[in-house]
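Right, one structure below, let's go through it.
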Amino acid sequence: MPLIADTTGINNIGMLGIGAYRPERVVTNDEICEKIDSSDEWIYTRTGIKTRRFARRDEDVMQMSVAAGRKAIANALLSGSDIDAVILATNTHLLLTPAGATAVATELGANGVPAFDVTVGCAGFGYGMALATDMIRGGSAHHVLVIGAEQLSVTMDMTDRGNC
């Protein structure tokens, strides 16, 4: 069986800008444990987590994605019109269609570009980065915005220890 490889093409691909968004509300392990039988120590020793962020009820994964994307584009010294594709890695854009990435692209001024969601869970951002790299190597894009955003708090039952 032959191994097929191409060693030509674009090899120098890197991140030009990074942006982040974190909701304001900090939730401690003690708050989580108010409604379940657990403790800060139990959660921390098994997960390494002391606090996490919960979005407000009026916030959604789309707003968080736009905020992070806007910062990444600015940090790369680009504008929305410089973006050739948008990939959104999320499990919590709770609509199958339209993809969340299309709304994010439009909001950021990346109009008419390929935009799609990668719904893969924890590995989604890594897959999104790999897809972006392939798009750049293949020549279909020069600047790809990859966003990883989750709003897991909307999917949790805070009275169910196995869930929260």
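As shown in the structure tokens, the chain order sets the letters A, B, ...; within each chain, residues go from 1, and ligands are also counted from 1 in the order they appear.
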Contacts of segment 10-27 of chain A within 8 Å, only C-alpha atoms, excl. fewer than 2 positions in-chain, as a PyMOL selection string = chain A and resi 8+29+31-32+51-56+64-65+67-77+133+136-137
Selected residues written out, C-alpha atoms, as a PDB file, in the first residue's frame:
ATOM      1  CA  THR A   8       5.373  21.277  -1.053  1.00  0.00           C
ATOM      2  CA  ASN A  29     -17.156  24.575  44.137  1.00  0.00           C
ATOM      3  CA  GLU A  31     -21.771  27.040  45.385  1.00  0.00           C
ATOM      4  CA  ILE A  32     -22.019  23.861  43.300  1.00  0.00           C
ATOM      5  CA  THR A  51     -14.010  28.021  40.036  1.00  0.00           C
ATOM      6  CA  ARG A  52     -15.715  28.237  36.689  1.00  0.00           C
ATOM      7  CA  ARG A  53     -17.695  30.917  34.848  1.00  0.00           C
ATOM      8  CA  PHE A  54     -21.431  30.832  34.154  1.00  0.00           C
ATOM      9  CA  ALA A  55     -23.024  33.028  31.526  1.00  0.00           C
ATOM     10  CA  ARG A  56     -25.942  35.262  32.381  1.00  0.00           C
ATOM     11  CA  MET A  64     -19.479  35.017  23.627  1.00  0.00           C
ATOM     12  CA  SER A  65     -18.105  33.877  20.259  1.00  0.00           C
ATOM     13  CA  ALA A  67     -16.734  38.976  21.689  1.00  0.00           C
ATOM     14  CA  ALA A  68     -13.791  36.550  21.581  1.00  0.00           C
ATOM     15  CA  GLY A  69     -13.595  36.720  17.783  1.00  0.00           C
ATOM     16  CA  ARG A  70     -13.594  40.506  17.794  1.00  0.00           C
ATOM     17  CA  LYS A  71     -10.607  40.505  20.204  1.00  0.00           C
ATOM     18  CA  ALA A  72      -8.708  37.880  18.186  1.00  0.00           C
ATOM     19  CA  ILE A  73      -9.174  39.842  14.963  1.00  0.00           C
ATOM     20  CA  ALA A  74      -8.038  43.085  16.631  1.00  0.00           C
ATOM     21  CA  ASN A  75      -5.014  41.372  18.218  1.00  0.00           C
ATOM     22  CA  ALA A  76      -4.041  40.052  14.778  1.00  0.00           C
ATOM     23  CA  LEU A  77      -4.238  43.636  13.452  1.00  0.00           C
ATOM     24  CA  THR A 133      -4.553  24.739   8.773  1.00  0.00           C
ATOM     25  CA  ILE A 136      -4.657  27.564   4.428  1.00  0.00           C
ATOM     26  CA  ARG A 137      -2.331  24.857   3.089  1.00  0.00           C
TER      27      ARG A 137
END
Skipping near chain neighbours, those fewer than 6 positions away, what residues fall within 7 Å of segment 102-115 of chain A using only C-alpha atoms, listed as number ranges by chain?
-> A: 62, 65-66, 70, 80-81, 83-87
Atomic distance atom CA of Asn91 of chain A - atom CA of Tyr44 of chain A, expressed in Å with one decimal | 24.5 Å
If you run DSSP on this backbone, which residues of chain A come out as strand (DSSP E or B), and could you give them as a list in words?
->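 Those in chain A that DSSP calls strand (DSSP E or B) are Arg25, Val26, Val27, Thr28, Thr51, Arg52, Arg53, Phe54, Ala85, Val86, Ile87, Leu88, Ala89, Ala115, Phe116, Asp117, Val118, Val144, Leu145, Val146, Ile147 and Gly148 of chain A.
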Just the residues within 12 Å of Thr92 of chain A, please, counting only C-alpha atoms, with nothing from its chain fewer than 3 positions along; format it as a PyMOL selection string.
-> chain A and resi 60-62+64-65+88-89+95-96+99-100+117-122+124+148-156
